[in-house]
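One structure below.
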Number of protein chains: 2
Amino acid sequence: MIDDEPKLPVIHRREERPEKSLFRVEALDLEFSNGERRTYERLMSRGVGAVIIVAMPDADTVLLVREYACGVHRYEVGLPKGRLEPGESHVEGANRELQEEVGYASRDLEVLGQLTLAPGYMTHATQVVLARDLYPSRLPGDEPEELEVIPWPIANLAELIQREDCTEGRSIAALYMARDLKDKT
Amino acid sequence: MIDDEPKLPVIHRREERPEKSLFRVEALDLEFSNGERRTYERLMSRGVGAVIIVAMPDADTVLLVREYACGVHRYEVGLPKGRLEPGESHVEGANRELQEEVGYASRDLEVLGQLTLAPGYMTHATQVVLARDLYPSRLPGDEPEELEVIPWPIANLAELIQREDCTEGRSIAALYMARDLKDKT
């Protein structure tokens with residue numbers, strides 16, 4: 001159901017970047033209610049928010065994308081997602097990302113809840129948006145290559161998460177949230 | 001089933017830390033198979049690996065912990081987890097963390113799979129370890145305060161993820177992975 005892995009990008013150079021980075025670190029000097037003192041570091045999220053989208057062309061199918069993931073240097077299968085632009089609501093951002101990454105727009109968008117990445121040391125939060133009533137619509141994105149779109153039966157998440165290229169906690173959690181909702185209705 | 005939120009730690013001071021941080025950033029100069037060039041940044045994981053533990057005292061119950069989460073400055077409910085120490089296997093690390101954070105050890109530990117945080121820009125990966133056949137055993141940890149342990153019925157994940165203090169994608173994904181496994185057997 002999913003083709004062989006696409007050809008990986010070539011890494012021409014790698015270097016450490018202590019400054020001018022996408023990432024900003026803050027240290028907090030904390031005192032717990034029992035009087036214990038600790039200094040914890042946390043990674044500050046840039047931007048105004050993020051969304052991850054469970055797009056369903058019909059009641060049984062979800063649209064996955066396969067995208068090069070620089071952190072693990074492999075192509076990963078997961079849900080489309082992205083950062084909000086200033087002034088966008090979560091459903092507006094989700095509908096834009098859906099058109100950029102998947103080639104569909106939605107007439108029925110609903111926020112299912114919020115997911116954090118690693119709340120112990122990251123401020124980052126992502127809203128999970130369920131998108132139904134889809135129709136073809138494409139917006140140009142900033143991706144270096146077009147993403148492969150993979151329709152997947154939402155009843156079959158067990159097989160999906162056994163794949164070694166479907167590992168993102170957020171994607172897996174959002175898929176189960178949507179499936180739970182479907183089972184209830 | 002879960003008490004009111006504990007008293008938050010006081011933040012005495014916060015400062016930016018461009019250097020000497022827990023976090024290290026690497027820039028990759030990439031060429032995609034279509035010839036497109038991009039420079040991507042990624043956050044390099046420190047240490048030798050990490051585990052997240054689904055500890056089940058019986059076939060229907062999972063043990064959650066409530067811990068202060070500095071990234072979001074609130075107490076979060078989720079699964080116990082931690083970094084491996086040098087030389088530890090995943091199941092050894094899981095059994096140590098379980099004794100430090102929850103006060104139980106396990107005679108039956110099994111790796112269910114791997115979860116990444118944000119594979120697009122983080123190298124971090126966590127092994128999901130299912131722990132059964134538990135018995136009381138406590139090891140001293142480095143936590144500033146004892147963690148509250150919360151038994152939760154694994155059949156009732158829908159109610160859990162509706163809570164505003166249970167948001168970590170990894171914890172939610174690992175809980176569903178364990179529940180799927182249980183439903184199959």
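Labeling convention for the structure tokens: chains A, B, ... as they appear, residues from 1 per chain, ligands from 1 in order of appearance.
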
- Item | DSSP strand (DSSP E or B) selection over range 88-182 of chain B, as a VMD selection string | chain B and resid 104 to 116 122 125 to 136 148 to 153 168

How about saving the chosen residues, C-alpha atoms kept, as a PDB file, in the first residue's frame?
ATOM      1  CA  TYR B 104       7.330  -0.668  41.180  1.00  0.00           C
ATOM      2  CA  ALA B 105       9.634  -3.077  39.366  1.00  0.00           C
ATOM      3  CA  SER B 106       8.568  -5.493  36.637  1.00  0.00           C
ATOM      4  CA  ARG B 107       9.326  -9.155  35.861  1.00  0.00           C
ATOM      5  CA  ASP B 108       7.908  -8.882  32.323  1.00  0.00           C
ATOM      6  CA  LEU B 109       9.245  -6.053  30.142  1.00  0.00           C
ATOM      7  CA  GLU B 110       8.702  -5.847  26.372  1.00  0.00           C
ATOM      8  CA  VAL B 111       9.656  -3.199  23.793  1.00  0.00           C
ATOM      9  CA  LEU B 112       6.523  -2.359  21.749  1.00  0.00           C
ATOM     10  CA  GLY B 113       8.128   0.040  19.272  1.00  0.00           C
ATOM     11  CA  GLN B 114       9.797   3.387  18.782  1.00  0.00           C
ATOM     12  CA  LEU B 115       8.333   6.894  18.859  1.00  0.00           C
ATOM     13  CA  THR B 116       9.937  10.083  17.583  1.00  0.00           C
ATOM     14  CA  MET B 122      14.647  16.558  16.103  1.00  0.00           C
ATOM     15  CA  ALA B 125      13.634   8.796  19.663  1.00  0.00           C
ATOM     16  CA  THR B 126      11.972   6.999  22.590  1.00  0.00           C
ATOM     17  CA  GLN B 127      11.371   3.260  22.954  1.00  0.00           C
ATOM     18  CA  VAL B 128       7.937   2.273  24.231  1.00  0.00           C
ATOM     19  CA  VAL B 129       8.255  -0.434  26.904  1.00  0.00           C
ATOM     20  CA  LEU B 130       5.296  -2.441  28.206  1.00  0.00           C
ATOM     21  CA  ALA B 131       5.855  -3.519  31.853  1.00  0.00           C
ATOM     22  CA  ARG B 132       3.715  -6.240  33.426  1.00  0.00           C
ATOM     23  CA  ASP B 133       3.988  -8.562  36.449  1.00  0.00           C
ATOM     24  CA  LEU B 134       4.797  -5.659  38.773  1.00  0.00           C
ATOM     25  CA  TYR B 135       5.960  -5.777  42.402  1.00  0.00           C
ATOM     26  CA  PRO B 136       6.703  -2.950  44.864  1.00  0.00           C
ATOM     27  CA  GLU B 148       1.766  11.268  42.205  1.00  0.00           C
ATOM     28  CA  VAL B 149       0.875   7.858  40.728  1.00  0.00           C
ATOM     29  CA  ILE B 150      -2.581   7.523  39.152  1.00  0.00           C
ATOM     30  CA  PRO B 151      -4.068   4.126  38.186  1.00  0.00           C
ATOM     31  CA  TRP B 152      -6.238   4.546  35.077  1.00  0.00           C
ATOM     32  CA  PRO B 153      -8.494   2.060  33.222  1.00  0.00           C
ATOM     33  CA  GLU B 168       1.846  14.681  25.382  1.00  0.00           C
TER      34      GLU B 168
END

Per-residue nearest contacts chain B to chain A, cut-off 6 Å, using only C-alpha atoms, as a tab-separated table:
residue	atom	partner	partner_atom	distance
B:Pro9	CA	A:Phe32	CA	4.2
B:Val10	CA	A:Glu31	CA	5.1
B:Ile11	CA	A:Leu30	CA	4.8
B:His12	CA	A:Asp29	CA	5.4
B:Arg13	CA	A:Asp29	CA	5.1
B:Arg14	CA	A:Leu28	CA	4.6
B:Glu15	CA	A:Ala27	CA	5.3
B:Glu16	CA	A:Glu26	CA	4.4
B:Arg17	CA	A:Val25	CA	5.5
B:Val25	CA	A:Arg17	CA	5.5
B:Glu26	CA	A:Glu16	CA	4.4
B:Ala27	CA	A:Glu15	CA	5.3
B:Leu28	CA	A:Arg14	CA	4.6
B:Asp29	CA	A:Arg13	CA	5.1
B:Leu30	CA	A:Ile11	CA	4.8
B:Glu31	CA	A:Val10	CA	5.1
B:Phe32	CA	A:Pro9	CA	4.2
B:Ser33	CA	A:Pro9	CA	5.8
B:Glu36	CA	A:Pro144	CA	5.9
B:Arg42	CA	A:Gly71	CA	5.6
B:Ala69	CA	A:Gly120	CA	4.1
B:Cys70	CA	A:Gly120	CA	5.1
B:Gly71	CA	A:Met122	CA	4.3
B:Val72	CA	A:Thr123	CA	5.3
B:Leu115	CA	A:Thr167	CA	4.7
B:Thr116	CA	A:Glu168	CA	4.7
B:Leu117	CA	A:Glu168	CA	5.8
B:Pro119	CA	A:Gly71	CA	4.8
B:Gly120	CA	A:Ala69	CA	4.1
B:Tyr121	CA	A:Gly71	CA	4.5
B:Met122	CA	A:Gly71	CA	4.3
B:Thr123	CA	A:Gly71	CA	4.3
B:Pro144	CA	A:Glu36	CA	5.9
B:Thr167	CA	A:Leu115	CA	4.7
B:Glu168	CA	A:Thr116	CA	4.7
B:Gly169	CA	A:Arg170	CA	4.5
B:Arg170	CA	A:Gly169	CA	4.5
B:Ile172	CA	A:Ala173	CA	5.5
B:Ala173	CA	A:Ala173	CA	4.5

I need the residues from that last selection saved to file as a compact mmCIF listing (two decimals), in the first residue's frame (with N, CA, C and O atoms), if you can.
# COMPACT_ATOMS: atom_id res chain seq x y z
N PRO B 9 5.41 25.20 41.04
CA PRO B 9 6.63 25.83 41.52
C PRO B 9 6.63 27.32 41.20
O PRO B 9 6.01 27.76 40.23
N VAL B 10 7.33 28.07 42.01
CA VAL B 10 7.53 29.50 41.76
C VAL B 10 8.70 29.67 40.79
O VAL B 10 9.74 29.02 40.94
N ILE B 11 8.54 30.55 39.80
CA ILE B 11 9.65 30.88 38.90
C ILE B 11 10.37 32.10 39.48
O ILE B 11 9.82 33.20 39.49
N HIS B 12 11.57 31.91 39.99
CA HIS B 12 12.31 33.02 40.59
C HIS B 12 13.00 33.88 39.53
O HIS B 12 13.18 35.07 39.71
N ARG B 13 13.44 33.22 38.45
CA ARG B 13 14.20 33.97 37.45
C ARG B 13 14.13 33.21 36.15
O ARG B 13 14.03 31.98 36.14
N ARG B 14 14.14 33.93 35.01
CA ARG B 14 14.27 33.24 33.73
C ARG B 14 15.27 33.99 32.87
O ARG B 14 15.34 35.22 32.92
N GLU B 15 16.07 33.25 32.12
CA GLU B 15 17.05 33.92 31.26
C GLU B 15 17.27 33.08 30.02
O GLU B 15 17.12 31.86 30.03
N GLU B 16 17.65 33.75 28.96
CA GLU B 16 18.01 33.04 27.74
C GLU B 16 19.39 32.45 27.86
O GLU B 16 20.27 33.02 28.49
N ARG B 17 19.57 31.28 27.24
CA ARG B 17 20.84 30.57 27.34
C ARG B 17 21.31 30.17 25.97
O ARG B 17 21.03 29.06 25.53
N VAL B 25 22.29 22.35 18.32
CA VAL B 25 21.66 22.50 17.01
C VAL B 25 22.67 22.24 15.91
O VAL B 25 23.82 22.69 15.98
N GLU B 26 22.24 21.51 14.88
CA GLU B 26 23.09 21.21 13.74
C GLU B 26 22.38 21.69 12.48
O GLU B 26 21.18 21.50 12.34
N ALA B 27 23.13 22.32 11.58
CA ALA B 27 22.57 22.73 10.29
C ALA B 27 23.02 21.74 9.22
O ALA B 27 24.19 21.35 9.18
N LEU B 28 22.08 21.31 8.38
CA LEU B 28 22.39 20.38 7.29
C LEU B 28 22.16 21.09 5.95
O LEU B 28 21.09 21.63 5.71
N ASP B 29 23.17 21.06 5.11
CA ASP B 29 23.06 21.59 3.74
C ASP B 29 22.66 20.42 2.84
O ASP B 29 23.44 19.51 2.61
N LEU B 30 21.42 20.43 2.35
CA LEU B 30 20.81 19.26 1.69
C LEU B 30 20.56 19.49 0.20
O LEU B 30 20.22 20.60 -0.21
N GLU B 31 20.71 18.44 -0.56
CA GLU B 31 20.26 18.46 -1.96
C GLU B 31 19.27 17.32 -2.18
O GLU B 31 19.61 16.15 -2.01
N PHE B 32 18.05 17.68 -2.57
CA PHE B 32 17.02 16.68 -2.80
C PHE B 32 17.22 16.02 -4.16
O PHE B 32 17.96 16.53 -5.02
N SER B 33 16.54 14.86 -4.37
CA SER B 33 16.77 14.08 -5.59
C SER B 33 16.34 14.84 -6.84
O SER B 33 16.80 14.55 -7.94
N GLU B 36 16.76 20.29 -5.84
CA GLU B 36 16.49 21.43 -4.94
C GLU B 36 17.49 21.42 -3.77
O GLU B 36 17.80 20.37 -3.22
N ARG B 42 18.46 21.04 12.75
CA ARG B 42 17.84 20.03 13.59
C ARG B 42 18.45 20.04 14.98
O ARG B 42 19.60 20.42 15.17
N ALA B 69 5.72 20.01 34.52
CA ALA B 69 6.27 20.08 33.17
C ALA B 69 6.68 21.52 32.89
O ALA B 69 5.84 22.40 32.68
N CYS B 70 7.98 21.74 32.91
CA CYS B 70 8.55 23.08 32.81
C CYS B 70 8.21 23.76 31.47
O CYS B 70 8.01 24.97 31.41
N GLY B 71 8.13 22.97 30.39
CA GLY B 71 7.86 23.56 29.06
C GLY B 71 6.53 24.29 29.02
O GLY B 71 6.41 25.33 28.37
N VAL B 72 5.53 23.74 29.69
CA VAL B 72 4.20 24.35 29.66
C VAL B 72 3.81 24.95 31.02
O VAL B 72 2.70 25.46 31.19
N LEU B 115 9.03 5.65 19.19
CA LEU B 115 8.33 6.89 18.86
C LEU B 115 9.35 8.02 18.71
O LEU B 115 10.29 8.12 19.50
N THR B 116 9.13 8.87 17.70
CA THR B 116 9.94 10.08 17.58
C THR B 116 9.09 11.27 18.03
O THR B 116 7.87 11.20 18.08
N LEU B 117 9.77 12.36 18.38
CA LEU B 117 9.07 13.55 18.85
C LEU B 117 8.62 14.41 17.67
O LEU B 117 7.44 14.65 17.47
N PRO B 119 10.23 14.32 14.01
CA PRO B 119 11.32 13.82 13.17
C PRO B 119 11.77 14.83 12.11
O PRO B 119 12.88 14.73 11.62
N GLY B 120 10.93 15.80 11.81
CA GLY B 120 11.30 16.83 10.84
C GLY B 120 12.43 17.71 11.32
O GLY B 120 13.19 18.26 10.51
N TYR B 121 12.59 17.87 12.66
CA TYR B 121 13.66 18.75 13.13
C TYR B 121 14.28 18.32 14.46
O TYR B 121 14.99 19.10 15.10
N MET B 122 14.00 17.07 14.89
CA MET B 122 14.65 16.56 16.10
C MET B 122 15.14 15.13 15.85
O MET B 122 14.44 14.34 15.24
N THR B 123 16.32 14.80 16.37
CA THR B 123 16.81 13.44 16.22
C THR B 123 16.24 12.50 17.28
O THR B 123 16.40 11.29 17.19
N PRO B 144 12.67 16.48 42.02
CA PRO B 144 12.63 17.42 43.15
C PRO B 144 11.51 17.09 44.14
O PRO B 144 11.54 17.56 45.27
N THR B 167 -1.61 15.89 27.46
CA THR B 167 -1.48 16.38 26.08
C THR B 167 -0.27 15.82 25.35
O THR B 167 -0.12 16.05 24.15
N GLU B 168 0.60 15.10 26.04
CA GLU B 168 1.85 14.68 25.38
C GLU B 168 1.59 13.62 24.32
O GLU B 168 1.12 12.51 24.63
N GLY B 169 1.93 13.92 23.06
CA GLY B 169 1.71 12.99 21.96
C GLY B 169 2.30 11.62 22.21
O GLY B 169 1.65 10.60 21.95
N ARG B 170 3.54 11.57 22.73
CA ARG B 170 4.18 10.29 23.00
C ARG B 170 3.41 9.44 23.99
O ARG B 170 3.25 8.23 23.80
N ILE B 172 0.20 9.60 24.78
CA ILE B 172 -1.09 9.19 24.21
C ILE B 172 -0.88 8.09 23.17
O ILE B 172 -1.58 7.07 23.17
N ALA B 173 0.13 8.25 22.31
CA ALA B 173 0.42 7.22 21.30
C ALA B 173 0.78 5.89 21.97
O ALA B 173 0.30 4.83 21.57

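Minimum atom-to-atom distance to Gly87 in chain B, evaluated using only C-alpha atoms, belongs to B:Gly49 out of B:Gly103, B:Pro57, B:Gly141, B:Gly49.
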
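Taking the backbone of this structure through DSSP, the residues of range 14-178 of chain A that come out as helix (DSSP H, G or I) are His90, Val91, Glu92, Gly93, Ala94, Asn95, Arg96, Glu97, Leu98, Gln99, Glu100, Glu101, Leu157, Ala158, Glu159, Leu160, Ile161, Gln162, Gly169, Arg170, Ser171, Ile172, Ala173, Ala174, Leu175, Tyr176, Met177 and Ala178 of chain A.
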
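Taking CA of Ala155 in chain A and CA of Asp4 in chain A as endpoints, the distance between them is 22.8 Å.
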